[in-house]
$ cat final-v1.pdb   # PDB, C-alpha atoms and all ligand atoms
ATOM      1  CA  MET L   1     -57.204  41.045 -11.868
ATOM      2  CA  LEU L   2     -60.555  40.333 -10.254
ATOM      3  CA  GLY L   3     -58.746  39.996  -6.968
ATOM      4  CA  LEU L   4     -57.178  43.400  -7.407
ATOM      5  CA  ARG L   5     -60.528  45.053  -8.255
ATOM      6  CA  LEU L   6     -62.046  43.448  -5.208
ATOM      7  CA  CYS L   7     -59.127  44.669  -3.184
ATOM      8  CA  VAL L   8     -59.695  48.240  -4.399
ATOM      9  CA  ALA L   9     -63.358  48.009  -3.477
ATOM     10  CA  LEU L  10     -62.597  46.571  -0.073
ATOM     11  CA  ILE L  11     -60.141  49.350   0.675
ATOM     12  CA  ALA L  12     -62.121  52.220  -0.855
ATOM     13  CA  CYS L  13     -65.577  51.438   0.529
ATOM     14  CA  PRO L  14     -64.657  51.523   4.210
ATOM     15  CA  LEU L  15     -62.658  54.698   3.580
ATOM     16  CA  PHE L  16     -65.650  56.222   1.785
ATOM     17  CA  GLY L  17     -67.836  55.184   4.688
ATOM     18  CA  TYR L  18     -65.395  56.850   7.038
ATOM     19  CA  CYS L  19     -65.605  60.045   4.973
ATOM     20  CA  CYS L  20     -69.361  59.954   5.352
ATOM     21  CA  LEU L  21     -69.563  59.159   9.057
ATOM     22  CA  PRO L  22     -66.898  61.088  10.967
ATOM     23  CA  ASP L  23     -67.243  62.301  14.545
ATOM     24  CA  SER L  24     -68.813  65.506  13.255
ATOM     25  CA  PHE L  25     -72.127  63.700  12.616
ATOM     26  CA  GLN L  26     -74.778  62.989  15.213
ATOM     27  CA  VAL L  27     -77.708  60.588  15.119
ATOM     28  CA  LEU L  28     -81.077  62.001  16.200
ATOM     29  CA  ASP L  29     -83.965  59.761  17.244
ATOM     30  CA  LEU L  30     -87.250  60.889  15.665
ATOM     31  CA  SER L  31     -89.425  58.215  17.320
ATOM     32  CA  HIS L  32     -91.559  58.280  20.464
ATOM     33  CA  THR L  33     -91.123  55.217  22.708
ATOM     34  CA  LEU L  34     -93.610  52.408  22.010
ATOM     35  CA  SER L  35     -95.465  51.579  25.255
ATOM     36  CA  ASN L  36     -98.867  51.306  26.916
ATOM     37  CA  GLU L  37     -99.048  55.101  26.643
ATOM     38  CA  SER L  38     -98.676  55.130  22.831
ATOM     39  CA  LEU L  39    -101.498  56.814  20.962
ATOM     40  CA  ARG L  40    -103.566  55.211  18.204
ATOM     41  CA  TRP L  41    -106.664  56.073  16.200
ATOM     42  CA  PRO L  42    -109.981  55.190  17.956
ATOM     43  CA  GLY L  43    -111.148  51.623  17.437
ATOM     44  CA  GLY L  44    -109.063  48.492  17.172
ATOM     45  CA  SER L  45    -106.982  46.833  19.811
ATOM     46  CA  ASN L  46    -104.643  48.145  22.498
ATOM     47  CA  PHE L  47    -100.912  47.751  22.789
ATOM     48  CA  SER L  48     -99.850  45.258  25.456
ATOM     49  CA  PHE L  49     -96.493  44.195  26.846
ATOM     50  CA  THR L  50     -96.164  41.023  28.906
ATOM     51  CA  ILE L  51     -93.192  39.800  30.888
ATOM     52  CA  LEU L  52     -92.762  36.065  30.224
ATOM     53  CA  THR L  53     -89.568  35.463  32.154
ATOM     54  CA  ARG L  54     -87.448  37.875  34.141
ATOM     55  CA  GLY L  55     -85.066  36.467  36.702
ATOM     56  CA  TRP L  56     -82.055  34.347  37.609
ATOM     57  CA  GLN L  57     -82.108  30.833  36.196
ATOM     58  CA  ASN L  58     -80.496  27.480  36.963
ATOM     59  CA  ASN L  59     -79.435  28.215  40.557
ATOM     60  CA  ASN L  60     -78.468  31.812  39.750
ATOM     61  CA  SER L  61     -76.059  30.800  36.980
ATOM     62  CA  PHE L  62     -77.517  33.202  34.379
ATOM     63  CA  TRP L  63     -80.059  35.985  34.018
ATOM     64  CA  LEU L  64     -82.868  35.537  31.506
ATOM     65  CA  GLU L  65     -85.440  38.030  30.350
ATOM     66  CA  LEU L  66     -88.133  37.314  27.741
ATOM     67  CA  ASN L  67     -91.200  39.415  26.957
ATOM     68  CA  LYS L  68     -93.894  39.529  24.322
ATOM     69  CA  PHE L  69     -95.845  42.406  22.898
ATOM     70  CA  ASP L  70     -99.067  42.729  20.991
ATOM     71  CA  THR L  71     -99.506  45.882  18.951
ATOM     72  CA  PRO L  72    -101.743  47.461  16.345
ATOM     73  CA  GLU L  73     -99.799  48.505  13.235
ATOM     74  CA  HIS L  74    -100.851  52.144  13.326
ATOM     75  CA  ILE L  75     -99.762  53.271  16.765
ATOM     76  CA  GLY L  76     -97.279  55.786  18.129
ATOM     77  CA  THR L  77     -94.531  56.787  15.716
ATOM     78  CA  HIS L  78     -95.388  54.587  12.769
ATOM     79  CA  MET L  79     -95.253  54.147   9.026
ATOM     80  CA  ASP L  80     -98.205  53.864   6.643
ATOM     81  CA  ALA L  81     -97.314  51.455   3.836
ATOM     82  CA  PRO L  82     -98.952  52.133   0.440
ATOM     83  CA  ALA L  83    -101.224  49.123   1.077
ATOM     84  CA  HIS L  84    -102.900  51.150   3.834
ATOM     85  CA  PHE L  85    -105.045  53.100   1.344
ATOM     86  CA  TYR L  86    -104.378  51.392  -2.014
ATOM     87  CA  ASN L  87    -105.396  47.770  -2.596
ATOM     88  CA  LYS L  88    -102.465  47.137  -4.972
ATOM     89  CA  GLY L  89     -99.932  49.062  -2.881
ATOM     90  CA  TRP L  90     -96.790  47.674  -1.300
ATOM     91  CA  LYS L  91     -97.226  45.809   1.957
ATOM     92  CA  VAL L  92     -94.538  46.515   4.550
ATOM     93  CA  HIS L  93     -92.432  43.489   3.595
ATOM     94  CA  GLU L  94     -92.534  44.512  -0.084
ATOM     95  CA  ILE L  95     -91.120  48.033   0.328
ATOM     96  CA  PRO L  96     -87.656  48.063  -1.283
ATOM     97  CA  ALA L  97     -84.901  48.769   1.254
ATOM     98  CA  ASP L  98     -83.592  51.713  -0.771
ATOM     99  CA  ARG L  99     -86.960  53.424  -0.306
ATOM    100  CA  LEU L 100     -86.447  53.424   3.453
ATOM    101  CA  VAL L 101     -83.464  55.792   3.351
ATOM    102  CA  GLY L 102     -83.341  59.271   1.863
ATOM    103  CA  PRO L 103     -82.275  62.878   2.195
ATOM    104  CA  GLY L 104     -84.371  64.638   4.833
ATOM    105  CA  VAL L 105     -86.154  67.973   4.586
ATOM    106  CA  VAL L 106     -88.087  69.843   7.312
ATOM    107  CA  ILE L 107     -90.683  72.430   6.364
ATOM    108  CA  ASP L 108     -91.608  74.339   9.489
ATOM    109  CA  VAL L 109     -95.157  75.754   9.560
ATOM    110  CA  LYS L 110     -95.392  76.039  13.345
ATOM    111  CA  ASP L 111     -96.188  79.768  13.203
ATOM    112  CA  LYS L 112     -99.198  79.142  10.962
ATOM    113  CA  VAL L 113    -100.395  76.243  13.119
ATOM    114  CA  VAL L 114    -100.372  78.484  16.218
ATOM    115  CA  LYS L 115    -103.014  80.635  14.489
ATOM    116  CA  ASP L 116    -104.994  77.711  13.011
ATOM    117  CA  SER L 117    -104.862  74.213  14.537
ATOM    118  CA  ASP L 118    -106.541  72.813  11.383
ATOM    119  CA  TYR L 119    -103.821  74.295   9.172
ATOM    120  CA  ARG L 120    -102.900  72.326   6.046
ATOM    121  CA  MET L 121     -99.442  72.894   4.559
ATOM    122  CA  THR L 122     -99.823  74.332   1.057
ATOM    123  CA  PRO L 123     -97.719  74.122  -2.116
ATOM    124  CA  ALA L 124     -96.959  77.821  -1.507
ATOM    125  CA  ASP L 125     -95.319  76.840   1.825
ATOM    126  CA  VAL L 126     -93.122  74.371  -0.068
ATOM    127  CA  GLU L 127     -92.225  76.954  -2.706
ATOM    128  CA  SER L 128     -91.295  79.483   0.022
ATOM    129  CA  TRP L 129     -89.048  76.833   1.610
ATOM    130  CA  GLU L 130     -87.388  76.121  -1.766
ATOM    131  CA  LYS L 131     -86.670  79.826  -2.356
ATOM    132  CA  VAL L 132     -84.438  79.742   0.724
ATOM    133  CA  ASN L 133     -83.116  76.169   0.609
ATOM    134  CA  GLY L 134     -83.170  75.125  -3.053
ATOM    135  CA  PRO L 135     -85.173  72.339  -4.706
ATOM    136  CA  ILE L 136     -86.270  69.349  -2.627
ATOM    137  CA  PRO L 137     -84.130  66.393  -3.818
ATOM    138  CA  LYS L 138     -85.554  63.335  -5.553
ATOM    139  CA  GLY L 139     -86.379  60.562  -3.097
ATOM    140  CA  ALA L 140     -86.585  63.021  -0.194
ATOM    141  CA  ILE L 141     -88.317  62.281   3.084
ATOM    142  CA  VAL L 142     -90.280  65.503   3.578
ATOM    143  CA  PHE L 143     -91.269  66.341   7.143
ATOM    144  CA  MET L 144     -93.906  68.906   8.006
ATOM    145  CA  ARG L 145     -93.179  70.395  11.432
ATOM    146  CA  SER L 146     -96.196  71.704  13.315
ATOM    147  CA  GLY L 147     -94.720  71.550  16.836
ATOM    148  CA  TRP L 148     -97.324  68.931  17.777
ATOM    149  CA  ASP L 149     -94.789  66.433  19.199
ATOM    150  CA  THR L 150     -94.679  68.276  22.555
ATOM    151  CA  ARG L 151     -98.353  67.313  23.097
ATOM    152  CA  TYR L 152     -97.599  63.590  22.782
ATOM    153  CA  PRO L 153     -98.632  61.244  24.493
ATOM    154  CA  ASN L 154    -101.405  63.388  25.996
ATOM    155  CA  LYS L 155    -104.440  62.051  24.108
ATOM    156  CA  THR L 156    -106.663  65.106  24.602
ATOM    157  CA  LEU L 157    -103.947  67.528  23.530
ATOM    158  CA  THR L 158    -102.740  65.407  20.597
ATOM    159  CA  PHE L 159    -106.182  64.906  19.043
ATOM    160  CA  ASN L 160    -107.008  68.413  20.294
ATOM    161  CA  THR L 161    -110.479  67.550  21.545
ATOM    162  CA  ASN L 162    -112.183  66.710  24.817
ATOM    163  CA  THR L 163    -113.632  63.600  23.160
ATOM    164  CA  PRO L 164    -110.511  61.853  21.783
ATOM    165  CA  ASP L 165    -112.442  58.648  21.083
ATOM    166  CA  ASN L 166    -114.659  60.481  18.595
ATOM    167  CA  GLU L 167    -112.673  61.135  15.420
ATOM    168  CA  SER L 168    -115.254  63.580  14.058
ATOM    169  CA  THR L 169    -114.123  66.040  16.750
ATOM    170  CA  PHE L 170    -110.384  65.963  15.923
ATOM    171  CA  HIS L 171    -108.518  69.200  15.246
ATOM    172  CA  PHE L 172    -104.857  69.044  14.269
ATOM    173  CA  PRO L 173    -102.786  70.137  11.260
ATOM    174  CA  GLY L 174    -101.742  68.065   8.248
ATOM    175  CA  PHE L 175    -100.593  68.159   4.625
ATOM    176  CA  HIS L 176    -102.954  69.691   2.069
ATOM    177  CA  PRO L 177    -103.819  67.133  -0.671
ATOM    178  CA  ASP L 178    -102.505  69.610  -3.284
ATOM    179  CA  THR L 179     -99.156  69.620  -1.475
ATOM    180  CA  ALA L 180     -98.889  65.838  -1.463
ATOM    181  CA  ARG L 181     -99.689  65.832  -5.197
ATOM    182  CA  TRP L 182     -97.194  68.651  -5.905
ATOM    183  CA  LEU L 183     -94.362  66.901  -4.065
ATOM    184  CA  ILE L 184     -95.013  63.625  -5.904
ATOM    185  CA  VAL L 185     -95.427  65.101  -9.398
ATOM    186  CA  ASN L 186     -92.777  67.820  -9.265
ATOM    187  CA  ARG L 187     -90.145  66.422  -6.885
ATOM    188  CA  ASN L 188     -90.564  62.626  -7.006
ATOM    189  CA  ILE L 189     -90.257  62.364  -3.225
ATOM    190  CA  GLY L 190     -89.989  59.075  -1.350
ATOM    191  CA  MET L 191     -91.927  59.722   1.845
ATOM    192  CA  ILE L 192     -93.782  62.353   3.844
ATOM    193  CA  GLY L 193     -93.813  62.643   7.616
ATOM    194  CA  ILE L 194     -95.535  64.710  10.270
ATOM    195  CA  ASP L 195     -95.526  65.199  14.057
ATOM    196  CA  THR L 196     -99.342  64.816  14.338
ATOM    197  CA  PRO L 197    -101.350  61.529  14.358
ATOM    198  CA  SER L 198    -102.151  61.719  10.622
ATOM    199  CA  THR L 199    -100.744  63.065   7.362
ATOM    200  CA  ASP L 200    -104.304  64.321   6.737
ATOM    201  CA  TYR L 201    -105.524  67.093   9.027
ATOM    202  CA  GLY L 202    -107.846  66.230  11.938
ATOM    203  CA  PRO L 203    -111.224  67.081  10.326
ATOM    204  CA  SER L 204    -110.493  65.113   7.128
ATOM    205  CA  PRO L 205    -113.526  62.952   6.265
ATOM    206  CA  ASN L 206    -111.930  60.653   3.676
ATOM    207  CA  PHE L 207    -108.142  60.821   4.163
ATOM    208  CA  GLU L 208    -107.347  62.280   0.765
ATOM    209  CA  VAL L 209    -103.606  62.673   1.457
ATOM    210  CA  HIS L 210    -103.433  59.010   2.495
ATOM    211  CA  GLN L 211    -105.071  58.012  -0.778
ATOM    212  CA  ILE L 212    -102.771  60.198  -2.908
ATOM    213  CA  ILE L 213     -99.511  59.005  -1.353
ATOM    214  CA  SER L 214    -100.578  55.349  -1.238
ATOM    215  CA  ASN L 215    -101.436  55.400  -4.954
ATOM    216  CA  ALA L 216     -98.001  56.881  -5.709
ATOM    217  CA  SER L 217     -96.053  54.295  -3.633
ATOM    218  CA  VAL L 218     -95.045  57.019  -1.204
ATOM    219  CA  MET L 219     -94.928  56.094   2.473
ATOM    220  CA  GLY L 220     -96.328  58.246   5.299
ATOM    221  CA  LEU L 221     -94.855  58.738   8.776
ATOM    222  CA  GLU L 222     -97.058  59.835  11.675
ATOM    223  CA  ASN L 223     -96.446  60.997  15.260
ATOM    224  CA  VAL L 224     -92.847  61.813  14.354
ATOM    225  CA  ASN L 225     -90.825  63.226  17.264
ATOM    226  CA  ASN L 226     -88.049  65.783  17.636
ATOM    227  CA  LEU L 227     -88.383  67.589  14.283
ATOM    228  CA  GLY L 228     -87.383  70.843  15.997
ATOM    229  CA  ALA L 229     -83.859  69.465  16.496
ATOM    230  CA  LEU L 230     -83.302  69.094  12.743
ATOM    231  CA  PRO L 231     -81.941  71.615  10.235
ATOM    232  CA  PRO L 232     -84.191  72.408   7.230
ATOM    233  CA  LYS L 233     -82.084  70.134   4.982
ATOM    234  CA  GLY L 234     -78.727  68.380   4.617
ATOM    235  CA  PHE L 235     -79.303  65.225   6.637
ATOM    236  CA  ILE L 236     -80.043  61.555   5.955
ATOM    237  CA  VAL L 237     -83.076  59.743   7.337
ATOM    238  CA  THR L 238     -83.449  56.000   7.852
ATOM    239  CA  VAL L 239     -86.898  54.558   8.475
ATOM    240  CA  ALA L 240     -86.875  51.075   9.954
ATOM    241  CA  PRO L 241     -90.187  49.279  10.450
ATOM    242  CA  VAL L 242     -90.167  45.594  11.352
ATOM    243  CA  LYS L 243     -90.310  43.665   8.033
ATOM    244  CA  LEU L 244     -93.851  42.521   8.708
ATOM    245  CA  PHE L 245     -95.355  40.116   6.151
ATOM    246  CA  ASP L 246     -98.559  41.530   4.661
ATOM    247  CA  GLY L 247     -98.427  44.591   6.943
ATOM    248  CA  SER L 248    -100.228  47.823   6.080
ATOM    249  CA  GLY L 249     -97.829  49.758   8.314
ATOM    250  CA  GLY L 250     -96.123  49.467  11.651
ATOM    251  CA  PRO L 251     -94.287  51.102  14.537
ATOM    252  CA  VAL L 252     -91.016  52.484  13.263
ATOM    253  CA  ARG L 253     -87.640  53.705  14.477
ATOM    254  CA  ILE L 254     -86.749  56.823  12.517
ATOM    255  CA  LEU L 255     -83.154  58.041  12.731
ATOM    256  CA  ALA L 256     -81.663  61.212  11.262
ATOM    257  CA  LEU L 257     -77.957  61.484  10.525
ATOM    258  CA  VAL L 258     -77.116  65.160  10.930
ATOM    259  CA  SER L 259     -73.875  67.009  10.321
ATOM    260  CA  LYS L 260     -72.847  68.867  13.497
ATOM    261  CA  ASP L 261     -71.465  71.793  11.530
ATOM    262  CA  GLY L 262     -74.567  72.007   9.328
ATOM    263  CA  SER L 263     -72.562  71.418   6.154
ATOM    264  CA  GLY L 264     -75.017  68.792   4.899
ATOM    265  CA  MET L 265     -72.357  67.143   2.768
ATOM    266  CA  CYS L 266     -73.479  63.587   3.331
ATOM    267  CA  THR L 267     -76.709  63.053   1.464
ATOM    268  CA  ALA L 268     -77.977  59.942  -0.288
ATOM    269  CA  ASN L 269     -77.790  61.534  -3.708
ATOM    270  CA  SER L 270     -74.726  63.634  -3.041
ATOM    271  CA  ALA L 271     -73.088  63.852  -6.455
ATOM    272  CA  GLY L 272     -70.057  65.469  -4.810
ATOM    273  CA  HIS L 273     -69.409  62.515  -2.569
ATOM    274  CA  LEU L 274     -69.901  60.054  -5.390
ATOM    275  CA  MET L 275     -67.408  61.962  -7.503
ATOM    276  CA  LEU L 276     -64.944  62.035  -4.608
ATOM    277  CA  PHE L 277     -65.450  58.323  -4.124
ATOM    278  CA  TRP L 278     -64.827  57.448  -7.743
ATOM    279  CA  ALA L 279     -61.908  59.860  -7.994
ATOM    280  CA  PHE L 280     -60.411  58.179  -4.949
ATOM    281  CA  ALA L 281     -61.161  54.673  -6.209
ATOM    282  CA  PHE L 282     -59.684  55.328  -9.650
ATOM    283  CA  GLY L 283     -56.694  57.092  -8.126
ATOM    284  CA  LEU L 284     -56.042  54.120  -5.910
ATOM    285  CA  TRP L 285     -56.625  51.793  -8.852
ATOM    286  CA  HIS L 286     -53.888  53.551 -10.801
ATOM    287  CA  VAL L 287     -51.485  53.421  -7.880
ATOM    288  CA  LEU L 288     -52.153  49.736  -7.245
ATOM    289  CA  SER L 289     -52.039  48.912 -10.964
ATOM    290  CA  SER L 290     -48.653  50.573 -11.213
ATOM    291  CA  LEU L 291     -47.407  48.697  -8.175
ATOM    292  CA  TRP L 292     -48.738  45.441  -9.609
ATOM    293  CA  LYS L 293     -46.983  46.045 -12.921
ATOM    294  CA  ILE L 294     -43.786  46.897 -11.095
ATOM    295  CA  CYS L 295     -44.122  43.721  -9.060
ATOM    296  CA  ILE L 296     -44.752  41.371 -11.963
ATOM    297  CA  THR L 297     -42.296  42.888 -14.419
TER     298      THR L 297
HETATM  299 ZN    ZN A   1    -101.183  55.143  10.085
END
$ encode --input "final-v1.pdb" --output "structure tokens"
Amino acid sequence: MLGLRLCVALIACPLFGYCCLPDSFQVLDLSHTLSNESLRWPGGSNFSFTILTRGWQNNNSFWLELNKFDTPEHIGTHMDAPAHFYNKGWKVHEIPADRLVGPGVVIDVKDKVVKDSDYRMTPADVESWEKVNGPIPKGAIVFMRSGWDTRYPNKTLTFNTNTPDNESTFHFPGFHPDTARWLIVNRNIGMIGIDTPSTDYGPSPNFEVHQIISNASVMGLENVNNLGALPPKGFIVTVAPVKLFDGSGGPVRILALVSKDGSGMCTANSAGHLMLFWAFAFGLWHVLSSLWKICIT
């Protein structure tokens, strides 16, 4: 009978996967390209990319290309691991894989940022979003959209100062500490993300949002790209940093799986899909069980 159960699983899982990933879904890239142009906080080392080998080998019998790169962790589109601001927090390699995928949410405060470049998204902004879209799901990856990604990689525009090597002159929007706390306590979110260089706003002296999320084992995403292409909800986000031992963060590829018709059916905690899956699996189980009984009797 174990073989039959396995058989059901093997048949049902791919079919379930097919239900979740039909042609009507598109994958959006939320990362800027990592290169010599990538922006980082002042101080520390630069990104470098070196060609080691690039050419035809062994009398033109095969092409070989090998490069190496040297990068700070916190550069370009990147993830802050909880270890970044909490000495007992997860390092990058310790973050459980299921914490790197979640239902996505975009809270757009671009209009407020136009009037105030030091704007901090408030709990009231979140509550206004929920009145229209419903509660933010548990484990969500909550993006704040300020429209800042169009400034990237222009250093002066992104840090919004004529002295981008002096962090005390930075002016860009971020999360309000009260908002980070509210999302953690009331919605049990998995991650926050923003299209600016920091989850804290530019003038922040002590990175309070960083401290709050790190202490709660919530990851932060910075310099996120393309948030304007996303719906407010109903999509899945995968966040894939290199599994760096002892890392406090790292460059990351962020992908959003978005339904083309905006139905938002395929979410990580979609009870509907799970019910459909189990209904299908049990239905198939009954059919196969009946066939088995017919066969052996
Ligand atoms: Zn960082």
$ residues_near_ligand --input "final-v1.pdb" --ligand "ligand ZN 1 (chain A)" --cutoff "7 Å" --atoms "only C-alpha atoms and all ligand atoms" --output "CSV table (one decimal) with C-alpha atoms, in the coordinates of the input"
chain,number,residue,atom,x,y,z
L,74,HIS,CA,-100.9,52.1,13.3
L,78,HIS,CA,-95.4,54.6,12.8
L,79,MET,CA,-95.3,54.1,9.0
L,80,ASP,CA,-98.2,53.9,6.6
L,198,SER,CA,-102.2,61.7,10.6
L,222,GLU,CA,-97.1,59.8,11.7
L,249,GLY,CA,-97.8,49.8,8.3
$ residues_around --input "final-v1.pdb" --residues "Thr156 of chain L" --least-positions-apart "2" --cutoff "12 Å" --atoms "all atoms listed in the file" --output "list in words"
Leu39, Arg151, Tyr152, Pro153, Asn154, Thr158, Phe159, Asn160, Thr161, Asn162, Thr163, Pro164, Asp165, Asn166, Glu167, Thr169, Phe170, His171 and Phe172 of chain L
$ residues_around --input "final-v1.pdb" --residues "Gly134 of chain L" --least-positions-apart "2" --cutoff "12 Å" --atoms "only C-alpha atoms" --output "PyMOL selection string"
chain L and resi 105+126-132+136-137+187+232-234
$ write_last_selection --input "final-v1.pdb" --atoms "C-alpha atoms" --output "short mmCIF file (atom, residue, chain, number, x, y, z; two decimals), in the frame of the given file"
data_model
loop_
_atom_site.label_atom_id
_atom_site.label_comp_id
_atom_site.auth_asym_id
_atom_site.auth_seq_id
_atom_site.Cartn_x
_atom_site.Cartn_y
_atom_site.Cartn_z
CA VAL L 105 -86.15 67.97 4.59
CA VAL L 126 -93.12 74.37 -0.07
CA GLU L 127 -92.22 76.95 -2.71
CA SER L 128 -91.30 79.48 0.02
CA TRP L 129 -89.05 76.83 1.61
CA GLU L 130 -87.39 76.12 -1.77
CA LYS L 131 -86.67 79.83 -2.36
CA VAL L 132 -84.44 79.74 0.72
CA ILE L 136 -86.27 69.35 -2.63
CA PRO L 137 -84.13 66.39 -3.82
CA ARG L 187 -90.14 66.42 -6.88
CA PRO L 232 -84.19 72.41 7.23
CA LYS L 233 -82.08 70.13 4.98
CA GLY L 234 -78.73 68.38 4.62
#
$ resolve_selection --input "final-v1.pdb" --expression "the PyMOL selection byres (((chain L and resi 94) around 12) and not hetatm)" --output "MDAnalysis selection string"
chainID L and resid 81:83 88:93 95:100 217 241:249
$ atom_distance --input "final-v1.pdb" --atom1 "atom CA of Pro231 of chain L" --atom2 "atom CA of Lys110 of chain L"
14.5 Å
$ closest_residue --input "final-v1.pdb" --among "L:Leu183, L:Leu227, L:Trp56, L:Asn188" --to "Asp108 of chain L" --atoms "only C-alpha atoms"
L:Leu227
$ closest_residue --input "final-v1.pdb" --among "L:Thr50, L:Val101, L:Trp182, L:Pro197" --to "Val237 of chain L" --atoms "all atoms listed in the file"
L:Val101
$ resolve_selection --input "final-v1.pdb" --expression "the PyMOL selection byres (((chain L and resi 144) around 10) and not hetatm)" --output "list in words"
Val105, Val106, Ile107, Asp108, Val109, Lys110, Arg120, Met121, Val126, Ile141, Val142, Phe143, Arg145, Ser146, Gly147, Pro173, Gly174, Phe175, Ile192, Gly193, Ile194, Asp195, Thr196, Thr199, Val224 and Leu227 of chain L
$ atom_distance --input "final-v1.pdb" --atom1 "atom CA of Thr71 of chain L" --atom2 "atom CA of Asn46 of chain L"
6.6 Å
$ closest_residue --input "final-v1.pdb" --among "L:Ala256, L:Val209, L:Val239, L:Ile51" --to "Ile184 of chain L" --atoms "only C-alpha atoms"
L:Val209
$ resolve_selection --input "final-v1.pdb" --expression "the PyMOL selection byres (((chain L and resi 251) around 6) and not hetatm)" --output "short mmCIF file (atom, residue, chain, number, x, y, z; two decimals) with C-alpha atoms, in the frame of the given file"
data_model
loop_
_atom_site.label_atom_id
_atom_site.label_comp_id
_atom_site.auth_asym_id
_atom_site.auth_seq_id
_atom_site.Cartn_x
_atom_site.Cartn_y
_atom_site.Cartn_z
CA THR L 77 -94.53 56.79 15.72
CA HIS L 78 -95.39 54.59 12.77
CA GLY L 250 -96.12 49.47 11.65
CA VAL L 252 -91.02 52.48 13.26
#
$ atom_distance --input "final-v1.pdb" --atom1 "atom CA of Thr150 of chain L" --atom2 "atom CA of Leu34 of chain L"
15.9 Å
$ closest_residue --input "final-v1.pdb" --among "L:Leu52, L:Ala180, L:Val113, L:Ile75" --to "Gln211 of chain L" --atoms "all atoms listed in the file"
L:Ala180
$ decode --input "final-v1.pdb" --residues "segment 160-198 of chain L" --atoms "C-alpha atoms" --output "PDB file, in the first residue's frame"
ATOM      1  CA  ASN L 160      19.237  62.358  -2.290  1.00  0.00           C
ATOM      2  CA  THR L 161      22.211  64.513  -1.362  1.00  0.00           C
ATOM      3  CA  ASN L 162      25.108  66.236  -3.080  1.00  0.00           C
ATOM      4  CA  THR L 163      27.465  64.537  -0.614  1.00  0.00           C
ATOM      5  CA  PRO L 164      26.554  60.835  -1.000  1.00  0.00           C
ATOM      6  CA  ASP L 165      29.637  59.729   0.940  1.00  0.00           C
ATOM      7  CA  ASN L 166      28.374  61.525   4.046  1.00  0.00           C
ATOM      8  CA  GLU L 167      25.510  59.527   5.549  1.00  0.00           C
ATOM      9  CA  SER L 168      24.461  62.368   7.856  1.00  0.00           C
ATOM     10  CA  THR L 169      23.190  64.210   4.762  1.00  0.00           C
ATOM     11  CA  PHE L 170      20.953  61.405   3.423  1.00  0.00           C
ATOM     12  CA  HIS L 171      17.296  62.086   2.663  1.00  0.00           C
ATOM     13  CA  PHE L 172      15.095  59.227   1.499  1.00  0.00           C
ATOM     14  CA  PRO L 173      11.930  57.523   2.775  1.00  0.00           C
ATOM     15  CA  GLY L 174      11.647  54.392   4.914  1.00  0.00           C
ATOM     16  CA  PHE L 175       9.442  52.415   7.299  1.00  0.00           C
ATOM     17  CA  HIS L 176       8.450  54.081  10.569  1.00  0.00           C
ATOM     18  CA  PRO L 177       9.633  51.982  13.566  1.00  0.00           C
ATOM     19  CA  ASP L 178       6.005  51.836  14.792  1.00  0.00           C
ATOM     20  CA  THR L 179       5.024  50.279  11.461  1.00  0.00           C
ATOM     21  CA  ALA L 180       7.695  47.594  11.665  1.00  0.00           C
ATOM     22  CA  ARG L 181       6.531  46.795  15.214  1.00  0.00           C
ATOM     23  CA  TRP L 182       2.844  46.773  14.176  1.00  0.00           C
ATOM     24  CA  LEU L 183       3.450  44.398  11.268  1.00  0.00           C
ATOM     25  CA  ILE L 184       5.437  42.000  13.467  1.00  0.00           C
ATOM     26  CA  VAL L 185       3.076  42.016  16.463  1.00  0.00           C
ATOM     27  CA  ASN L 186      -0.261  42.123  14.650  1.00  0.00           C
ATOM     28  CA  ARG L 187       0.417  40.305  11.367  1.00  0.00           C
ATOM     29  CA  ASN L 188       3.398  38.017  12.058  1.00  0.00           C
ATOM     30  CA  ILE L 189       5.038  38.980   8.764  1.00  0.00           C
ATOM     31  CA  GLY L 190       8.133  37.284   7.369  1.00  0.00           C
ATOM     32  CA  MET L 191      10.016  40.121   5.700  1.00  0.00           C
ATOM     33  CA  ILE L 192       9.877  43.798   4.793  1.00  0.00           C
ATOM     34  CA  GLY L 193      11.278  45.348   1.639  1.00  0.00           C
ATOM     35  CA  ILE L 194      11.767  48.794   0.169  1.00  0.00           C
ATOM     36  CA  ASP L 195      13.006  50.455  -3.038  1.00  0.00           C
ATOM     37  CA  THR L 196      15.393  52.812  -1.158  1.00  0.00           C
ATOM     38  CA  PRO L 197      18.883  51.958   0.231  1.00  0.00           C
ATOM     39  CA  SER L 198      17.573  51.288   3.762  1.00  0.00           C
TER      40      SER L 198
END
